[in-house]
Structure formats: C-alpha cells, structure tokens
file query10.txt (compact mmCIF, C-alpha atoms)
# COMPACT_ATOMS: atom_id res chain seq x y z
CA MET N 171 -125.02 -178.51 154.57
CA LEU N 172 -121.64 -176.79 154.71
CA VAL N 173 -120.60 -175.12 151.45
CA LEU N 174 -117.37 -173.43 150.40
CA GLY N 175 -117.97 -170.53 148.01
CA LEU N 176 -115.40 -169.17 145.53
CA GLU N 177 -115.83 -165.90 143.61
CA THR N 178 -113.42 -164.90 140.81
CA SER N 179 -115.58 -163.25 138.17
CA CYS N 180 -113.56 -160.05 137.81
CA ASP N 181 -111.08 -158.24 140.06
CA GLU N 182 -111.98 -159.52 143.53
CA THR N 183 -111.08 -162.90 144.97
CA GLY N 184 -113.75 -163.98 147.44
CA VAL N 185 -113.94 -167.09 149.63
CA ALA N 186 -116.59 -167.96 152.22
CA LEU N 187 -118.06 -170.82 154.22
CA TYR N 188 -121.84 -170.98 154.59
CA ASP N 189 -123.71 -173.49 156.72
CA SER N 190 -127.40 -174.10 156.03
CA GLU N 191 -128.16 -174.22 159.76
CA ARG N 192 -125.61 -171.83 161.31
CA GLY N 193 -125.40 -169.27 158.51
CA LEU N 194 -122.20 -167.57 157.35
CA LEU N 195 -119.22 -168.94 159.28
CA ALA N 196 -116.35 -167.01 157.71
CA ASP N 197 -115.48 -165.01 154.62
CA ALA N 198 -112.42 -163.31 153.16
CA LEU N 199 -111.95 -160.98 150.21
CA PHE N 200 -109.00 -159.57 148.34
CA SER N 201 -109.59 -156.62 146.04
CA GLN N 202 -107.28 -155.90 143.11
CA ILE N 203 -108.27 -152.22 142.86
CA GLU N 204 -104.79 -150.88 143.60
CA GLN N 205 -103.24 -153.18 141.00
CA HIS N 206 -105.61 -152.01 138.24
CA ARG N 207 -105.85 -148.35 139.28
CA VAL N 208 -102.72 -147.39 137.35
CA PHE N 209 -104.39 -148.63 134.13
CA GLY N 210 -107.70 -146.89 134.79
CA GLY N 211 -109.64 -150.16 134.62
CA VAL N 212 -109.44 -153.93 134.97
CA VAL N 213 -106.74 -155.72 132.94
CA PRO N 214 -108.12 -159.26 132.45
CA GLU N 215 -104.77 -161.08 132.31
CA LEU N 216 -103.52 -159.40 135.48
CA ALA N 217 -106.82 -160.20 137.20
CA SER N 218 -106.55 -163.89 136.31
CA ARG N 219 -102.96 -164.16 137.52
CA ASP N 220 -103.77 -162.50 140.81
CA HIS N 221 -106.69 -164.87 141.43
CA VAL N 222 -104.23 -167.77 141.06
CA LYS N 223 -101.97 -166.13 143.63
CA ARG N 224 -104.71 -165.37 146.19
CA MET N 225 -107.11 -168.31 146.00
CA LEU N 226 -105.45 -171.00 148.12
CA PRO N 227 -104.20 -168.63 150.86
CA LEU N 228 -107.73 -167.22 151.20
CA ILE N 229 -109.23 -170.70 151.40
CA ARG N 230 -106.78 -171.61 154.17
CA GLU N 231 -107.62 -168.35 155.97
CA VAL N 232 -111.37 -169.01 155.85
CA LEU N 233 -111.05 -172.62 156.99
CA ALA N 234 -108.83 -171.55 159.89
CA GLU N 235 -111.19 -168.74 160.92
CA ALA N 236 -114.19 -171.07 160.91
CA GLN N 237 -112.18 -173.91 162.48
CA VAL N 238 -113.39 -176.23 159.75
CA ALA N 239 -111.48 -179.17 158.26
CA PRO N 240 -111.85 -180.06 154.56
CA ALA N 241 -113.52 -183.35 155.55
CA GLN N 242 -116.42 -181.39 157.05
CA ILE N 243 -117.29 -179.56 153.81
CA ASP N 244 -120.25 -180.98 151.89
CA GLY N 245 -119.94 -179.07 148.61
CA ILE N 246 -118.19 -176.29 146.72
CA ALA N 247 -119.90 -173.48 144.83
CA TYR N 248 -118.00 -171.31 142.37
CA THR N 249 -118.87 -168.47 140.05
CA ALA N 250 -119.28 -169.94 136.56
CA GLY N 251 -120.39 -166.71 134.87
CA PRO N 252 -120.99 -164.14 133.68
CA GLY N 253 -117.58 -162.51 133.96
CA LEU N 254 -114.05 -162.49 132.57
CA VAL N 255 -113.36 -165.96 131.19
CA GLY N 256 -109.78 -166.17 132.44
CA ALA N 257 -110.75 -165.07 135.92
CA LEU N 258 -113.73 -167.44 136.01
CA LEU N 259 -111.53 -170.36 135.00
CA VAL N 260 -109.32 -169.86 138.04
CA GLY N 261 -112.20 -170.32 140.45
CA ALA N 262 -113.76 -173.14 138.42
CA SER N 263 -110.49 -175.07 138.15
CA CYS N 264 -109.76 -174.70 141.84
CA ALA N 265 -113.28 -175.75 142.82
CA GLN N 266 -113.29 -178.82 140.60
CA ALA N 267 -109.82 -179.90 141.76
CA LEU N 268 -110.74 -179.58 145.44
CA ALA N 269 -114.09 -181.30 144.87
CA PHE N 270 -112.33 -184.23 143.20
CA ALA N 271 -109.73 -184.45 145.96
CA TRP N 272 -112.28 -184.20 148.77
CA GLY N 273 -114.90 -186.40 147.10
CA ILE N 274 -117.70 -183.82 147.20
CA PRO N 275 -119.85 -182.12 144.53
CA ALA N 276 -118.97 -178.81 142.89
CA LEU N 277 -121.57 -176.51 141.37
CA GLY N 278 -121.21 -173.49 139.10
CA VAL N 279 -123.24 -170.50 140.32
CA HIS N 280 -124.60 -167.56 138.35
CA HIS N 281 -122.83 -164.39 139.47
CA MET N 282 -125.93 -162.18 139.30
CA GLU N 283 -128.05 -164.74 141.14
CA GLY N 284 -125.45 -164.50 143.87
CA HIS N 285 -125.90 -160.72 144.01
CA LEU N 286 -129.69 -161.06 143.93
CA LEU N 287 -129.66 -163.44 146.91
CA ALA N 288 -127.04 -161.55 148.94
CA PRO N 289 -129.72 -159.76 151.05
CA MET N 290 -130.76 -163.22 152.26
CA LEU N 291 -127.60 -163.17 154.40
CA GLU N 292 -129.07 -160.39 156.55
CA GLU N 293 -131.06 -160.83 159.78
CA GLN N 294 -134.31 -159.72 158.12
CA PRO N 295 -134.25 -161.17 154.59
CA PRO N 296 -136.92 -160.40 151.99
CA ALA N 297 -139.72 -162.86 151.30
CA PHE N 298 -140.73 -163.98 147.81
CA PRO N 299 -142.12 -162.54 145.62
CA PHE N 300 -140.31 -159.23 145.12
CA VAL N 301 -138.86 -157.00 142.43
CA ALA N 302 -135.06 -156.87 142.24
CA LEU N 303 -132.94 -154.06 140.88
CA LEU N 304 -129.55 -155.50 139.95
CA VAL N 305 -127.03 -152.70 139.54
CA SER N 306 -123.38 -153.65 139.13
CA GLY N 307 -120.49 -152.63 136.92
CA GLY N 308 -121.78 -154.61 133.96
CA HIS N 309 -125.49 -155.05 134.63
CA THR N 310 -128.56 -152.94 135.24
CA GLN N 311 -131.67 -155.11 135.32
CA LEU N 312 -135.14 -155.15 136.82
CA VAL N 313 -136.31 -158.67 137.61
CA ARG N 314 -139.47 -160.10 139.10
CA VAL N 315 -138.42 -162.81 141.56
CA ASP N 316 -140.97 -165.46 142.59
CA GLY N 317 -138.40 -167.86 144.02
CA ILE N 318 -134.88 -169.12 143.45
CA GLY N 319 -134.57 -169.70 139.71
CA ARG N 320 -138.01 -168.22 139.05
CA TYR N 321 -136.98 -164.98 137.37
CA GLN N 322 -138.78 -162.76 134.88
CA LEU N 323 -136.69 -160.06 133.25
CA LEU N 324 -138.68 -156.81 133.25
CA GLY N 325 -136.11 -154.40 131.86
CA GLU N 326 -132.39 -153.92 131.36
CA SER N 327 -129.80 -151.45 130.13
CA LEU N 328 -129.61 -151.10 126.36
CA ASP N 329 -126.03 -149.77 126.51
CA ASP N 330 -123.92 -148.74 129.49
CA ALA N 331 -124.99 -150.19 132.84
CA ALA N 332 -125.31 -147.76 135.73
CA GLY N 333 -122.00 -148.87 137.24
CA GLU N 334 -120.25 -148.49 133.89
CA ALA N 335 -121.71 -145.02 133.49
CA PHE N 336 -120.36 -144.03 136.92
CA ASP N 337 -116.88 -145.36 136.16
CA LYS N 338 -116.68 -143.97 132.61
CA THR N 339 -118.03 -140.57 133.62
CA ALA N 340 -115.50 -140.35 136.43
CA LYS N 341 -112.68 -141.22 134.03
CA LEU N 342 -113.83 -138.58 131.54
CA MET N 343 -113.76 -136.03 134.37
CA GLY N 344 -110.22 -137.01 135.35
CA LEU N 345 -111.15 -138.93 138.50
CA PRO N 346 -109.23 -142.04 139.58
CA TYR N 347 -110.44 -145.63 139.19
CA PRO N 348 -112.82 -146.96 140.41
CA GLY N 349 -114.98 -143.99 139.53
CA GLY N 350 -118.26 -144.85 141.21
CA PRO N 351 -117.10 -144.16 144.79
CA GLU N 352 -115.27 -141.03 143.57
CA ILE N 353 -118.43 -139.61 141.99
CA ALA N 354 -120.38 -140.37 145.18
CA ARG N 355 -117.70 -138.75 147.35
CA LEU N 356 -117.66 -135.58 145.26
CA ALA N 357 -121.45 -135.43 145.10
CA GLU N 358 -121.60 -135.04 148.88
CA THR N 359 -120.23 -131.50 148.55
CA GLY N 360 -122.08 -130.60 145.34
CA THR N 361 -124.47 -127.67 145.07
CA PRO N 362 -128.04 -128.92 144.51
CA GLY N 363 -129.77 -127.40 141.51
CA ARG N 364 -126.76 -125.77 139.86
CA PHE N 365 -126.95 -128.27 136.99
CA THR N 366 -129.96 -130.26 135.84
CA PHE N 367 -129.30 -133.37 133.77
CA PRO N 368 -131.84 -135.47 131.82
CA ARG N 369 -133.43 -138.59 133.27
CA PRO N 370 -133.00 -140.92 130.28
CA MET N 371 -135.95 -142.98 128.98
CA THR N 372 -138.28 -141.87 131.78
CA ASP N 373 -140.48 -139.86 129.40
CA ARG N 374 -141.68 -143.03 127.65
CA PRO N 375 -143.26 -146.29 128.82
CA GLY N 376 -141.17 -149.34 129.55
CA LEU N 377 -138.58 -150.53 132.04
CA ASP N 378 -135.37 -150.50 129.99
CA PHE N 379 -132.44 -148.20 130.77
CA SER N 380 -129.94 -146.19 128.76
CA PHE N 381 -127.09 -144.26 130.38
CA SER N 382 -124.69 -143.62 127.48
CA GLY N 383 -126.39 -140.35 126.53
CA LEU N 384 -126.29 -139.15 130.13
CA LYS N 385 -122.58 -139.93 130.21
CA THR N 386 -122.05 -137.77 127.10
CA PHE N 387 -124.23 -134.97 128.52
CA THR N 388 -122.13 -134.95 131.68
CA LEU N 389 -118.87 -134.83 129.73
CA ASN N 390 -120.09 -131.93 127.57
CA THR N 391 -121.19 -130.01 130.66
CA TRP N 392 -117.81 -130.52 132.33
CA LEU N 393 -115.92 -129.50 129.16
CA GLN N 394 -118.03 -126.37 128.79
CA CYS N 395 -117.24 -125.37 132.36
CA ARG N 396 -113.56 -126.09 131.88
CA ASP N 397 -113.39 -124.15 128.61
CA ALA N 398 -115.05 -121.23 130.36
CA GLY N 399 -112.27 -121.26 132.93
CA ASP N 400 -114.35 -122.85 135.68
CA ALA N 401 -112.74 -126.21 136.42
CA SER N 402 -112.71 -125.78 140.19
CA GLU N 403 -113.20 -128.66 142.60
CA GLN N 404 -116.58 -127.20 143.52
CA THR N 405 -117.72 -127.23 139.90
CA ARG N 406 -116.50 -130.82 139.58
CA ALA N 407 -118.54 -131.68 142.68
CA ASP N 408 -121.61 -129.89 141.29
CA VAL N 409 -121.38 -131.86 138.03
CA ALA N 410 -120.90 -135.12 139.97
CA LEU N 411 -123.99 -134.39 142.06
CA ALA N 412 -126.11 -133.63 138.99
CA PHE N 413 -124.96 -136.84 137.30
CA GLN N 414 -125.53 -139.00 140.37
CA GLN N 415 -128.97 -137.51 140.98
CA ALA N 416 -129.97 -138.17 137.38
CA VAL N 417 -128.96 -141.84 137.69
CA VAL N 418 -130.65 -142.21 141.08
CA ASP N 419 -133.88 -140.57 139.90
CA THR N 420 -133.95 -142.71 136.77
CA LEU N 421 -133.49 -145.93 138.72
CA THR N 422 -136.11 -144.87 141.27
CA ILE N 423 -138.69 -143.99 138.60
CA LYS N 424 -138.20 -147.34 136.85
CA CYS N 425 -138.37 -149.26 140.14
CA ARG N 426 -141.67 -147.59 140.99
CA ARG N 427 -143.03 -148.57 137.57
CA ALA N 428 -141.86 -152.16 138.00
CA LEU N 429 -143.45 -152.49 141.44
CA LYS N 430 -146.73 -151.07 140.13
CA GLN N 431 -146.66 -153.35 137.08
CA CYS N 432 -146.10 -156.44 139.27
CA GLY N 433 -148.47 -155.38 142.04
CA LEU N 434 -145.72 -155.74 144.66
CA ASN N 435 -144.28 -153.48 147.34
CA SER N 436 -141.03 -155.29 148.21
CA LEU N 437 -137.86 -154.25 146.41
CA VAL N 438 -134.37 -155.77 146.58
CA ILE N 439 -131.37 -153.80 145.34
CA ALA N 440 -128.15 -155.71 144.79
CA GLY N 441 -124.77 -155.30 143.13
CA GLY N 442 -121.97 -152.81 143.65
CA VAL N 443 -124.04 -149.70 142.94
CA SER N 444 -126.54 -150.76 145.62
CA ALA N 445 -124.00 -149.50 148.18
CA ASN N 446 -124.58 -145.93 146.93
CA GLN N 447 -126.18 -144.07 149.85
CA ALA N 448 -128.07 -141.59 147.67
CA LEU N 449 -129.72 -144.47 145.80
CA ARG N 450 -130.66 -146.20 149.05
CA ARG N 451 -132.21 -143.02 150.46
CA SER N 452 -134.20 -142.40 147.29
CA LEU N 453 -135.55 -145.95 147.11
CA GLU N 454 -136.36 -146.02 150.82
CA LYS N 455 -138.36 -142.80 150.43
CA MET N 456 -140.21 -144.19 147.42
CA LEU N 457 -141.02 -147.50 149.16
CA GLY N 458 -142.16 -145.57 152.22
CA GLU N 459 -144.70 -143.77 150.03
CA LEU N 460 -145.87 -147.16 148.73
CA LYS N 461 -146.06 -148.60 152.27
CA GLY N 462 -143.45 -151.12 151.22
CA ARG N 463 -139.85 -151.93 152.02
CA VAL N 464 -136.49 -152.01 150.30
CA PHE N 465 -133.93 -154.71 151.14
CA TYR N 466 -130.19 -154.70 150.51
CA ALA N 467 -127.04 -156.39 151.75
CA ARG N 468 -124.51 -154.80 154.08
CA PRO N 469 -121.90 -152.80 152.09
CA ARG N 470 -119.21 -155.51 152.05
CA PHE N 471 -121.66 -157.94 150.44
CA CYS N 472 -122.78 -155.46 147.76
CA THR N 473 -119.56 -155.84 145.79
CA ASP N 474 -118.37 -159.23 144.52
CA ASN N 475 -117.82 -161.66 147.40
CA GLY N 476 -117.65 -165.33 148.25
CA ALA N 477 -120.50 -165.25 150.77
CA MET N 478 -123.19 -164.67 148.15
CA ILE N 479 -121.81 -167.52 146.01
CA ALA N 480 -121.67 -169.88 149.00
CA TYR N 481 -125.27 -169.01 149.92
CA ALA N 482 -126.64 -169.39 146.39
CA GLY N 483 -124.71 -172.61 145.88
CA CYS N 484 -125.95 -174.02 149.17
CA GLN N 485 -129.59 -173.46 148.18
CA ARG N 486 -129.12 -175.28 144.88
CA LEU N 487 -126.98 -178.10 146.28
CA GLN N 488 -129.55 -178.69 149.03
CA ALA N 489 -132.23 -178.96 146.36
CA GLY N 490 -130.26 -181.75 144.70
CA GLN N 491 -128.69 -179.78 141.87
CA GLN N 492 -125.12 -180.82 141.04
CA GLY N 493 -122.59 -180.01 138.38
CA GLY N 494 -120.42 -182.52 136.54
CA PRO N 495 -116.61 -182.70 136.68
CA ALA N 496 -116.16 -180.58 133.55
CA ILE N 497 -114.62 -177.14 133.98
CA GLY N 498 -117.05 -174.85 132.20
CA VAL N 499 -117.59 -171.10 132.47
CA GLN N 500 -119.67 -168.56 130.53
CA ALA N 501 -118.75 -164.96 129.80
CA ARG N 502 -122.43 -164.28 129.04
CA TRP N 503 -125.23 -166.16 130.77
CA PRO N 504 -128.86 -164.95 130.86
CA MET N 505 -130.22 -165.48 134.37
CA GLU N 506 -133.60 -166.58 133.00
CA GLN N 507 -131.91 -169.80 131.80
CA LEU N 508 -131.37 -170.98 135.38
CA PRO N 509 -133.54 -173.91 136.54
CA ALA N 510 -136.15 -173.18 139.19
CA LEU N 511 -135.96 -174.86 142.57
call {"tool": "encode", "arguments": {"input": "query10.txt", "output": "structure tokens"}}
result
Amino acid sequence: MLVLGLETSCDETGVALYDSERGLLADALFSQIEQHRVFGGVVPELASRDHVKRMLPLIREVLAEAQVAPAQIDGIAYTAGPGLVGALLVGASCAQALAFAWGIPALGVHHMEGHLLAPMLEEQPPAFPFVALLVSGGHTQLVRVDGIGRYQLLGESLDDAAGEAFDKTAKLMGLPYPGGPEIARLAETGTPGRFTFPRPMTDRPGLDFSFSGLKTFTLNTWLQCRDAGDASEQTRADVALAFQQAVVDTLTIKCRRALKQCGLNSLVIAGGVSANQALRRSLEKMLGELKGRVFYARPRFCTDNGAMIAYAGCQRLQAGQQGGPAIGVQARWPMEQLPAL
C-alpha cells in the first residue's frame, strides 16, 4: 500500500510517501521557525497561512522525487490532532480534497501516535511490547505500548511539558526561539556541578511529571547571578547545563520506574526533545545497566514530519480502518481513545 502523509499540526509542513513493501520513498519538510522567531513563539494564524502556501508545492516535490503519479497512491493520511486547529484544518482539507479527486480513502492520524511509531522507520525498529517516553513541545508522557492502538498511559506532565519548559526557560534567560536547541547548545560549555537544581517529583512514588517549578527555580538562579553582576556567557551556560541535567535526570528516573513497573527492558523515546543528545546518553546508560535497549528515530524524524504520519496511516489503512469524507480535527485528543489494530 502506498500512502501519502501530510503533517500540519503546528509550525512545520511535512509531506511524505510511504510504501508498505518498499518503506519510505520520499519526504519533504518546511519549518516556519524563522517566521515565528521574531515573535518568540508560534503565531497560530501565521502558521495556518504558511501551511496553505507550502502544502501543494511540497506534495509536488515529494511525488517528483519518488517518481510517483497520483493514480498510484492508495490512501492519504493526515494529522487530525492534537494541535493548532487552524493548522490542522489545512492538512485535513487538503487531504480530503485530494482523496475525493483521486478516489481513494483519507484517514486522520493522531499526532502523538505518529511520533511514537517514528522509530519504526529505522533499520532496527523496536518490537512490542515496550515503554515509550513521548517528549515534545506540548507533551511529556510515559506509555506502555503493547501494539498499535494498545496504549496504557502510565504518567504525564501535570503542567509544563519538558519541551515547553526548555523553550520557556530559554526565553526567560533571553535566548532566542526555539529555546530547546539553544539551551542544549549552551549546556555543552557549562561547568558541571556549579549549580544543582531539583529533580521535581522524583522524591515521591508515581510516574507523573512537573516542570513548572524547575522553570521558576532556573529563572530565580539566573536573576540572582545577574543581580550580583555575574551575567557572563559562562554563567548562562552553567545555568543551562544545570537545568538540562535536572530535566534529563528526572526523565531518566521516571523511565527506569516505568520499565520496572511494566517488567520490560525496551524503551522508545520520541518527539522533538528526543533529539537531545544528553537525554539519549543518559537513557542509553540506564538501559545498559538494565541489559535493555533504547530506540529513537533519526534527528529529522524526531520533530514533526510527514514520514511518521504516512507510516502510522499506512498501518491503520492496511488494517481496514478508514475515515469518512468529513473534515474533522481535534485540538485535544487522548491517545488512549484510539482503536487497537
């Protein structure tokens, strides 16, 4: 089955072609980072308008790269949520229009399921069951995964997600948008041990997360240094390192708990924050101690992309699942509501 995947949940327009037998044939992505950087964050209306501008040219680019004609495509998968409603509607409208014109089915895909399954695009994909850590700009969740659609939520963020905490902390420290990569870049030159930040909610049982207090602690530390006349780039890097290490340690501790609770030793990390090298190193070390393995997608498939949507949609379309002609999207959509295959 050959599936066209469209991703427009936020500020990246992604298009890809996935074949159930040959794998990923082509993918293209346009990021709106530069457009939103001046505002310090994503402006929903601008994001929606830019998706309209980029969608059809990217589809033509992907079809040309794969040397595929529209008549060869068997189905279209698009991100139906969660995400920004205006942005989601662009992808949904385009998918339903093309599906109607080409006489093929269109299916709305869950954005986080796409992230969760992105490591399946790699040469050595994980096998079910496993524990998944989903860490993106808007989500931090631990999920037991027994198969596609067979998800058990183990824990989630009660306030800021890890990605949000990275971006907001960076903004509070005067760093440009997007803040996550900036914090990681600064942390590389930080002095280990100069600052020690709390590891939130690790001193109590459970698998939920909370990063808002850590964000405030980081801001107060930075302001104290600045008020004391020490706002050097090295101090900024030291604070960034302490913040990043606190987040990484917290995620690692909770992942270890989740694996122990489920009796598993395979971990998948997915979402934009999964590209963080410090997090990967920490989780790889922890899984090595447990004689297990951590799986993740290549960096370009950690952020929002069309390939993960095409793959997830292909699995569900192959199983016989289809969507109707209605254009429907959901800003909020619990992943546990998805039907099992």
call {"tool": "residues_around", "arguments": {"input": "query10.txt", "residues": "N:Ala257", "least_positions_apart": "4", "cutoff": "10 Å", "atoms": "only C-alpha atoms", "output": "ChimeraX atom specification"}}
result
/N:177-183,214-222,249-251,253,261-262,499
call {"tool": "residues_near_point", "arguments": {"input": "query10.txt", "point": "(-122.4, -167.7, 131.0)", "cutoff": "6 Å", "atoms": "only C-alpha atoms", "output": "list in words"}}
result
Gly251, Pro252, Gln500, Ala501, Arg502 and Trp503 of chain N
call {"tool": "write_last_selection", "arguments": {"input": "query10.txt", "atoms": "C-alpha atoms", "output": "tab-separated table (two decimals), in the frame of the given file"}}
result
chain	number	residue	atom	x	y	z
N	251	GLY	CA	-120.39	-166.71	134.87
N	252	PRO	CA	-120.99	-164.14	133.68
N	500	GLN	CA	-119.67	-168.56	130.53
N	501	ALA	CA	-118.75	-164.96	129.80
N	502	ARG	CA	-122.43	-164.28	129.04
N	503	TRP	CA	-125.23	-166.16	130.77
call {"tool": "closest_residue", "arguments": {"input": "query10.txt", "among": "N:Leu233, N:Arg224, N:Tyr466, N:Tyr347", "to": "N:Leu195", "atoms": "only C-alpha atoms"}}
result
N:Leu233
call {"tool": "closest_residue", "arguments": {"input": "query10.txt", "among": "N:Phe300, N:Phe365, N:Tyr248, N:Phe270", "to": "N:Leu429", "atoms": "all atoms listed in the file"}}
result
N:Phe300
call {"tool": "residues_around", "arguments": {"input": "query10.txt", "residues": "N:Ala482", "least_positions_apart": "4", "cutoff": "7 Å", "atoms": "all atoms listed in the file", "output": "ChimeraX atom specification"}}
result
/N:284,287,478,486
call {"tool": "atom_distance", "arguments": {"input": "query10.txt", "atom1": "atom CA of N:Leu291", "atom2": "atom CA of N:Ala480"}}
result
10.5 Å
call {"tool": "atom_distance", "arguments": {"input": "query10.txt", "atom1": "atom CA of N:Ile497", "atom2": "atom CA of N:Glu334"}}
result
29.2 Å
call {"tool": "closest_residue", "arguments": {"input": "query10.txt", "among": "N:Leu268, N:Ile203, N:Leu172, N:Cys472", "to": "N:Asp189", "atoms": "all atoms listed in the file"}}
result
N:Leu172
call {"tool": "residues_around", "arguments": {"input": "query10.txt", "residues": "N:Ser327", "least_positions_apart": "4", "cutoff": "8 Å", "atoms": "all atoms listed in the file", "output": "list in words"}}
result
His309, Thr310, Gln311, Ala331, Asp378, Phe379, Ser380 and Phe381 of chain N
call {"tool": "axis_aligned_box", "arguments": {"input": "query10.txt", "around": "stretch 194-200 of chain N", "padding_each_side": "5 Å", "output": "JSON"}}
result
{"center_x": -115.6, "center_y": -164.3, "center_z": 153.8, "size_x": 23.2, "size_y": 19.4, "size_z": 20.9}
call {"tool": "closest_residue", "arguments": {"input": "query10.txt", "among": "N:Leu511, N:Ile423, N:Ala236, N:Ala196", "to": "N:Leu487", "atoms": "all atoms listed in the file"}}
result
N:Leu511
call {"tool": "atom_distance", "arguments": {"input": "query10.txt", "atom1": "atom CA of N:Arg406", "atom2": "atom CA of N:Ala445"}}
result
21.9 Å
call {"tool": "residues_around", "arguments": {"input": "query10.txt", "residues": "N:Ala496", "least_positions_apart": "4", "cutoff": "10 Å", "atoms": "all atoms listed in the file", "output": "MDAnalysis selection string"}}
result
chainID N and resid 262:263 266 276
call {"tool": "closest_residue", "arguments": {"input": "query10.txt", "among": "N:Gln415, N:Ser402, N:Asn390, N:Gln492", "to": "N:Leu342", "atoms": "all atoms listed in the file"}}
result
N:Asn390
call {"tool": "closest_residue", "arguments": {"input": "query10.txt", "among": "N:Leu457, N:Ala332, N:Met505, N:Ala477", "to": "N:Met290", "atoms": "all atoms listed in the file"}}
result
N:Ala477
call {"tool": "residues_around", "arguments": {"input": "query10.txt", "residues": "N:Ala335", "least_positions_apart": "3", "cutoff": "12 Å", "atoms": "all atoms listed in the file", "output": "VMD selection string"}}
result
chain N and resid 305 to 310 327 329 to 332 338 to 342 348 to 350 353 379 to 389 410 413 to 414 416 to 417 443
